[in-house]
Amino acid sequence: MSGLSLTYRGDAEMMVDMSALLPERLAGLTADDVARMTLPCGGGSARLGDLFDLSAGDAAEGLLIRPGGAILHRVGAGMTSGRILVAGDAGNHAGAGMAGGLLRIDGSAGDSLGGVLPGLPLGMRGGLISVGGDAGDRAGERMRRGIVVVDGRAGAYAAAFMVAGTLAVGGGCGPHPGFGMRRGTLLVGHPQDAAPDGFADGGTRDWLFLHLLRRALEGTGSWFERAGTTRAHRFIGDLAEGGRGEILAVV
Amino acid sequence: MAGLRINGVRIEDTFAEAFPMTYTRLVVTADTPAWVDAATSSLTGFATSVIGCGCEAAVERLLTPEETPDSRPGAAVMIFGMSTGDLAKHVVNRVGQCVMTSPGSACYAGLIDGAKRIPLGGGLRYFGDGHQISKKFGDRRFWRLPVMDGEFVCEDSVAVAKGIGGGNFLILAASHRQCLAAAEAAVAAIRPLPGIILPFPGGVVRSGSKVGSKYKALIASTNTRFCPTLRAVEPETLLSPDVEAVLELVLDGTDEAAIRTGMRAGIAAAVAGGTAAGVLAITAGNYGGKLGPHHFHLHEVMA
């Protein structure tokens with residue numbers, strides 16, 4: 001990927017808030033400009049240039065982040081356009097509140113992937129997040145629009161209180177998937193025999209709109225792009241919230 | 001150029017007069033090509049002339065599964081109307097009554113980009129009675145409406161654009177059979193071309209019209225100057241004694257270039273057999289330049 005690349009070279013296990021590093025904000029800045037930015041980290045703050053090695057390049061072309069041993073929270077949080085590629089793992093709130101653009105995480109993501117930032121009413125509002133590994137708890141929480149695709153597993157409360165949008169989890173979910181879900185789609189890559197709590201069994205069939213989802217995921221290399229079927233078992237719910245959401249378990 | 005002949009067939013020194021229209025393009029898919037045909041035949045039925053039908057529509061071309069959004073067989077359908085509002089009314093009615101009702105069908109925008117848009121699923125979604133589901137993938141919004149065979153998937157809206165209606169040419173032949181054969185050849189030559197439709201049955205019109213009538217209630221009536229059976233009593237007849245039948249092809253297209261390309265291909269195919277095949281002349285319909293700003297002079301088209 002051309003563009004600006006950041007390679008972490010600070011202390012291992014350092015937690016860094018990356019929410020200021022969005023392609024739309026960094027567009028047109030030189031690597032020196034970016035290096036002078038201050039990021040919250042480890043209970044304090046530090047100049048970005050002291051934490052990362054920067055390549056020359058414009059973030060408008062894309063932002064490549066190599067996390068090394070750091071725990072990078074809020075990568076792409078609030079992002080509205082552009083591309084971010086994380087060549088490794090991301091911390092919590094990756095893509096939280098995201099409204100557009102592409103966030104690709106080669107490794108795993110922490111909690112609240114595409115979810116909601118503290119104090120805000122809604123989670124992700126648009127764009128595409130693709131995760132090659134697993135996701136933590138509350139992935140897609142209060143999500144309003146957009147697509148999150150996780151090749152591995154998601155933790156507890158996946159798509160909790162989802163308002164709309166699509167969360168596709170290839171490896172299955174932890175406890176309470178779709179808890180409080182109002183609308184939207186939670187697509188899981190494995191058959192599910194019993195309806196989750198709050199959901200009604202809607203039967204198995206081929207779902208035409210999943211072809212459209214697959215087209216939207218072209219180029220991501222994600223599990224559903226590779227899946228050869230659009231046949232899925234539908235569970236309708238959360239009935240406590242009107243029952244207009246759905247969990248689709250690929251069969 | 002006054003005496004232009006191709007394969008001995010006289011090309012009249014006249015022009016086809018066409019007028020601006022608004023058009024859109026839909027992509028209709030189904031489980032099999034047969035059900036695509038069922039849906040599109042219904043969708044484009046009774047859509048020959050904007051005068052009597054409100055819109056003009058036909059299949060532009062068939063689509064392979066690789067070309068459609070849901071990887072199924074499909075067809076691109078173009079629908080022309082006189083205004084955006086008029087087109088919107090007819091499109092949503094036709095998709096609702098003819099595509100949504102057809103087993104396994106889905107309907108997508110074939111014109112995706114454009115500031116002017118008309119509703120598709122956005123107007124039909126209420127049929128879902130509260131159970132409709134919106135899905136937005138990228139910049140495109142789709143509606144999933146629960147129906148008796150599963151779900152009807154329909155794009156939220158489709159863009160419209162300015163096009164041209166009424167491109168035409170007429171084939172004058174020594175017999176009805178030969179005239180029809182020439183018209184069929186012309187249709188076969190035009191149908192593969194992009195951006196053009198032939199909205200009349202089989203792509204051919206046999207009842208060309210003139211403006212006005214002796215009856216006040218009618219705005220159009222039979223084109224007496226091209227009716228061979230009236231030749232002896234029609235003072236303004238344009239038919240020589242050896243003409244037994246006339247057939248017309250009407251083309252609607254995206255722009256002048258598309259119409260011109262279609263007319264050229266169609267005329268070339270119609271006269272390919274020459275006078276030996278009974279084709280005597282090619283002419284075109286116009287209203288003296290009063291109807292529309294787009295004039296397709298046959299000699300220029302065939303130059």
# chains A, B, ... in the order shown; residues from 1 in each chain; ligands from 1
>>> select_by_dssp(residues="segment 75-256 of chain B", states="strand (DSSP E)", output="VMD selection string")
chain B and resid 75 to 81 106 to 109 117 to 119 133 to 137 140 to 147 150 to 155 157 to 159 161 to 173 196 to 197 209 to 211 220 to 222 245 to 253
>>> residues_around(residues="segment 172-176 of chain B", least_positions_apart="5", cutoff="9 Å", atoms="only C-alpha atoms", output="number ranges by chain")
B: 181-182, 226, 239, 242-248, 275, 277-283
>>> interface_residues(of="chain B", to="chain A", cutoff="7 Å", atoms="only C-alpha atoms", output="PyMOL selection string")
chain B and resi 69-70+135-138+153
>>> write_last_selection(atoms="C-alpha atoms", output="compact mmCIF listing (two decimals), in the first residue's frame")
# COMPACT_ATOMS: atom_id res chain seq x y z
CA PRO B 69 -25.16 -7.81 -8.96
CA ASP B 70 -26.47 -11.13 -7.63
CA LYS B 135 -29.28 -2.97 3.47
CA LYS B 136 -26.66 -0.47 2.38
CA PHE B 137 -23.55 -1.95 0.78
CA GLY B 138 -21.06 0.71 -0.24
CA VAL B 153 -34.56 -7.62 -3.41
>>> residues_around(residues="Ile118 of chain B", least_positions_apart="5", cutoff="8 Å", atoms="only C-alpha atoms", output="PyMOL selection string")
chain B and resi 84+88+157-160
>>> write_last_selection(atoms="C-alpha atoms", output="short mmCIF file (atom, residue, chain, number, x, y, z; two decimals), in the first residue's frame")
data_model
loop_
_atom_site.label_atom_id
_atom_site.label_comp_id
_atom_site.auth_asym_id
_atom_site.auth_seq_id
_atom_site.Cartn_x
_atom_site.Cartn_y
_atom_site.Cartn_z
CA THR B 84 -38.54 12.62 -14.81
CA ALA B 88 -40.88 7.84 -11.97
CA SER B 157 -33.44 4.16 -6.43
CA VAL B 158 -32.10 4.50 -9.95
CA ALA B 159 -30.58 7.44 -11.76
CA VAL B 160 -32.20 8.99 -14.81
#
>>> residues_around(residues="segment 44-55 of chain A", least_positions_apart="2", cutoff="10 Å", atoms="only C-alpha atoms", output="PyMOL selection string")
chain A and resi 3-11+14+16-18+21+30-42+57-58+64-68+70
>>> write_last_selection(atoms="N, CA and C atoms", output="mmCIF file, in the first residue's frame")
data_model
loop_
_atom_site.group_PDB
_atom_site.id
_atom_site.type_symbol
_atom_site.label_atom_id
_atom_site.label_comp_id
_atom_site.auth_asym_id
_atom_site.auth_seq_id
_atom_site.Cartn_x
_atom_site.Cartn_y
_atom_site.Cartn_z
ATOM 1 N N GLY A 3 1.399 5.386 0.389
ATOM 2 C CA GLY A 3 0.863 6.282 1.403
ATOM 3 C C GLY A 3 1.822 6.402 2.555
ATOM 4 N N LEU A 4 1.302 6.776 3.703
ATOM 5 C CA LEU A 4 2.129 6.990 4.890
ATOM 6 C C LEU A 4 2.169 5.714 5.728
ATOM 7 N N SER A 5 3.351 5.323 6.141
ATOM 8 C CA SER A 5 3.431 4.148 7.012
ATOM 9 C C SER A 5 4.062 4.526 8.352
ATOM 10 N N LEU A 6 3.522 3.907 9.400
ATOM 11 C CA LEU A 6 3.986 4.140 10.763
ATOM 12 C C LEU A 6 4.404 2.805 11.354
ATOM 13 N N THR A 7 5.631 2.715 11.812
ATOM 14 C CA THR A 7 6.120 1.472 12.425
ATOM 15 C C THR A 7 6.488 1.750 13.880
ATOM 16 N N TYR A 8 5.786 1.068 14.798
ATOM 17 C CA TYR A 8 5.994 1.339 16.224
ATOM 18 C C TYR A 8 7.389 0.882 16.655
ATOM 19 N N ARG A 9 8.055 1.745 17.418
ATOM 20 C CA ARG A 9 9.394 1.385 17.895
ATOM 21 C C ARG A 9 9.556 1.717 19.379
ATOM 22 N N GLY A 10 8.429 1.963 20.071
ATOM 23 C CA GLY A 10 8.508 2.288 21.499
ATOM 24 C C GLY A 10 8.478 1.044 22.356
ATOM 25 N N ASP A 11 8.195 1.274 23.641
ATOM 26 C CA ASP A 11 8.163 0.164 24.590
ATOM 27 C C ASP A 11 7.028 -0.799 24.259
ATOM 28 N N MET A 14 2.919 -0.843 25.443
ATOM 29 C CA MET A 14 2.470 0.548 25.611
ATOM 30 C C MET A 14 1.096 0.705 24.954
ATOM 31 N N VAL A 16 -1.567 3.102 23.246
ATOM 32 C CA VAL A 16 -1.565 4.376 22.519
ATOM 33 C C VAL A 16 -2.965 4.618 21.959
ATOM 34 N N ASP A 17 -3.454 5.843 22.147
ATOM 35 C CA ASP A 17 -4.751 6.234 21.563
ATOM 36 C C ASP A 17 -4.496 6.756 20.152
ATOM 37 N N MET A 18 -4.968 6.035 19.162
ATOM 38 C CA MET A 18 -4.677 6.353 17.754
ATOM 39 C C MET A 18 -5.802 7.138 17.078
ATOM 40 N N LEU A 21 -5.277 9.799 14.375
ATOM 41 C CA LEU A 21 -4.588 9.467 13.118
ATOM 42 C C LEU A 21 -5.583 8.929 12.087
ATOM 43 N N THR A 30 3.079 16.464 5.758
ATOM 44 C CA THR A 30 4.321 15.741 5.518
ATOM 45 C C THR A 30 4.581 14.796 6.683
ATOM 46 N N ALA A 31 5.545 13.909 6.486
ATOM 47 C CA ALA A 31 5.903 12.990 7.570
ATOM 48 C C ALA A 31 6.389 13.773 8.787
ATOM 49 N N ASP A 32 7.086 14.898 8.571
ATOM 50 C CA ASP A 32 7.548 15.717 9.701
ATOM 51 C C ASP A 32 6.365 16.318 10.449
ATOM 52 N N ASP A 33 5.370 16.791 9.698
ATOM 53 C CA ASP A 33 4.166 17.336 10.346
ATOM 54 C C ASP A 33 3.524 16.283 11.236
ATOM 55 N N VAL A 34 3.411 15.095 10.689
ATOM 56 C CA VAL A 34 2.765 14.013 11.439
ATOM 57 C C VAL A 34 3.608 13.636 12.658
ATOM 58 N N ALA A 35 4.914 13.624 12.482
ATOM 59 C CA ALA A 35 5.798 13.228 13.598
ATOM 60 C C ALA A 35 5.676 14.181 14.772
ATOM 61 N N ARG A 36 5.304 15.422 14.516
ATOM 62 C CA ARG A 36 5.175 16.412 15.595
ATOM 63 C C ARG A 36 3.857 16.293 16.341
ATOM 64 N N MET A 37 2.936 15.483 15.844
ATOM 65 C CA MET A 37 1.647 15.330 16.541
ATOM 66 C C MET A 37 1.846 14.637 17.881
ATOM 67 N N THR A 38 0.955 14.950 18.814
ATOM 68 C CA THR A 38 1.024 14.349 20.149
ATOM 69 C C THR A 38 -0.096 13.330 20.300
ATOM 70 N N LEU A 39 0.260 12.174 20.795
ATOM 71 C CA LEU A 39 -0.741 11.127 21.002
ATOM 72 C C LEU A 39 -0.826 10.765 22.482
ATOM 73 N N PRO A 40 -2.053 10.572 23.017
ATOM 74 C CA PRO A 40 -2.174 10.042 24.379
ATOM 75 C C PRO A 40 -1.617 8.624 24.435
ATOM 76 N N CYS A 41 -0.807 8.351 25.431
ATOM 77 C CA CYS A 41 -0.269 6.998 25.549
ATOM 78 C C CYS A 41 0.205 6.743 26.977
ATOM 79 N N GLY A 42 0.004 5.544 27.416
ATOM 80 C CA GLY A 42 0.532 5.092 28.704
ATOM 81 C C GLY A 42 0.224 6.006 29.869
ATOM 82 N N GLY A 57 5.301 9.949 2.624
ATOM 83 C CA GLY A 57 4.094 9.558 1.914
ATOM 84 C C GLY A 57 2.905 10.331 2.433
ATOM 85 N N ASP A 58 1.834 10.313 1.643
ATOM 86 C CA ASP A 58 0.642 11.067 1.998
ATOM 87 C C ASP A 58 -0.420 10.089 2.503
ATOM 88 N N LEU A 64 -0.583 2.958 6.638
ATOM 89 C CA LEU A 64 -0.162 1.617 7.033
ATOM 90 C C LEU A 64 0.436 1.698 8.431
ATOM 91 N N ILE A 65 -0.105 0.913 9.344
ATOM 92 C CA ILE A 65 0.353 0.933 10.734
ATOM 93 C C ILE A 65 0.905 -0.439 11.082
ATOM 94 N N ARG A 66 2.145 -0.458 11.539
ATOM 95 C CA ARG A 66 2.753 -1.701 12.033
ATOM 96 C C ARG A 66 2.849 -1.573 13.552
ATOM 97 N N PRO A 67 2.010 -2.288 14.302
ATOM 98 C CA PRO A 67 1.892 -2.044 15.744
ATOM 99 C C PRO A 67 3.085 -2.539 16.558
ATOM 100 N N GLY A 68 3.868 -3.448 16.011
ATOM 101 C CA GLY A 68 4.956 -4.000 16.818
ATOM 102 C C GLY A 68 4.396 -4.581 18.112
ATOM 103 N N ALA A 70 3.095 -2.722 20.590
ATOM 104 C CA ALA A 70 2.196 -1.767 21.240
ATOM 105 C C ALA A 70 0.747 -2.238 21.200
#
>>> residues_around(residues="Gly62 of chain A", least_positions_apart="5", cutoff="12 Å", atoms="only C-alpha atoms", output="compact mmCIF listing (two decimals) with N, CA and C atoms, in the first residue's frame")
# COMPACT_ATOMS: atom_id res chain seq x y z
N MET A 1 0.85 -1.20 0.00
CA MET A 1 0.00 0.00 0.00
C MET A 1 0.88 1.24 0.00
N SER A 2 0.68 2.13 -0.98
CA SER A 2 1.40 3.39 -0.97
C SER A 2 0.75 4.31 0.08
N GLY A 3 1.40 5.39 0.39
CA GLY A 3 0.86 6.28 1.40
C GLY A 3 1.82 6.40 2.55
N LEU A 4 1.30 6.78 3.70
CA LEU A 4 2.13 6.99 4.89
C LEU A 4 2.17 5.71 5.73
N SER A 5 3.35 5.32 6.14
CA SER A 5 3.43 4.15 7.01
C SER A 5 4.06 4.53 8.35
N LEU A 6 3.52 3.91 9.40
CA LEU A 6 3.99 4.14 10.76
C LEU A 6 4.40 2.80 11.35
N LEU A 21 -5.28 9.80 14.38
CA LEU A 21 -4.59 9.47 13.12
C LEU A 21 -5.58 8.93 12.09
N LEU A 22 -6.30 9.84 11.49
CA LEU A 22 -7.26 9.46 10.46
C LEU A 22 -6.79 9.98 9.11
N PRO A 23 -6.98 9.22 8.07
CA PRO A 23 -6.49 9.65 6.75
C PRO A 23 -6.98 11.03 6.36
N GLU A 24 -8.26 11.32 6.67
CA GLU A 24 -8.79 12.63 6.26
C GLU A 24 -8.13 13.77 7.01
N ARG A 25 -7.67 13.50 8.23
CA ARG A 25 -7.01 14.56 8.99
C ARG A 25 -5.54 14.71 8.60
N LEU A 26 -4.94 13.62 8.19
CA LEU A 26 -3.51 13.65 7.87
C LEU A 26 -3.24 13.98 6.41
N ALA A 27 -4.28 14.00 5.62
CA ALA A 27 -4.08 14.24 4.18
C ALA A 27 -3.34 15.55 3.95
N GLY A 28 -2.33 15.51 3.15
CA GLY A 28 -1.57 16.71 2.80
C GLY A 28 -0.45 17.04 3.77
N ALA A 56 8.06 8.44 4.24
CA ALA A 56 7.53 9.56 3.46
C ALA A 56 6.28 9.08 2.74
N GLY A 57 5.30 9.95 2.62
CA GLY A 57 4.09 9.56 1.91
C GLY A 57 2.91 10.33 2.43
N GLY A 76 -8.66 4.13 13.70
CA GLY A 76 -9.75 4.38 12.75
C GLY A 76 -11.05 4.79 13.41
N SER A 81 -13.30 8.60 5.78
CA SER A 81 -12.89 8.25 4.42
C SER A 81 -11.46 7.76 4.44
N GLY A 82 -11.00 7.23 3.33
CA GLY A 82 -9.62 6.77 3.21
C GLY A 82 -9.45 5.33 3.64
N ARG A 83 -8.18 4.92 3.76
CA ARG A 83 -7.87 3.53 4.07
C ARG A 83 -6.83 3.46 5.18
N ILE A 84 -7.07 2.55 6.11
CA ILE A 84 -6.07 2.26 7.13
C ILE A 84 -5.83 0.75 7.11
N LEU A 85 -4.57 0.37 7.04
CA LEU A 85 -4.20 -1.04 7.12
C LEU A 85 -3.35 -1.25 8.37
N VAL A 86 -3.77 -2.14 9.25
CA VAL A 86 -3.01 -2.47 10.44
C VAL A 86 -2.34 -3.83 10.19
N GLY A 101 -14.97 4.81 4.71
CA GLY A 101 -13.60 4.37 4.47
C GLY A 101 -13.42 2.89 4.74
N LEU A 102 -12.18 2.47 4.67
CA LEU A 102 -11.83 1.05 4.83
C LEU A 102 -10.79 0.90 5.93
N LEU A 103 -11.09 0.03 6.87
CA LEU A 103 -10.14 -0.32 7.92
C LEU A 103 -9.87 -1.80 7.82
N ARG A 104 -8.61 -2.15 7.54
CA ARG A 104 -8.23 -3.55 7.44
C ARG A 104 -7.26 -3.88 8.56
>>> residues_around(residues="His233 of chain A", least_positions_apart="4", cutoff="6 Å", atoms="only C-alpha atoms", output="PyMOL selection string")
chain A and resi 203-204+248-249
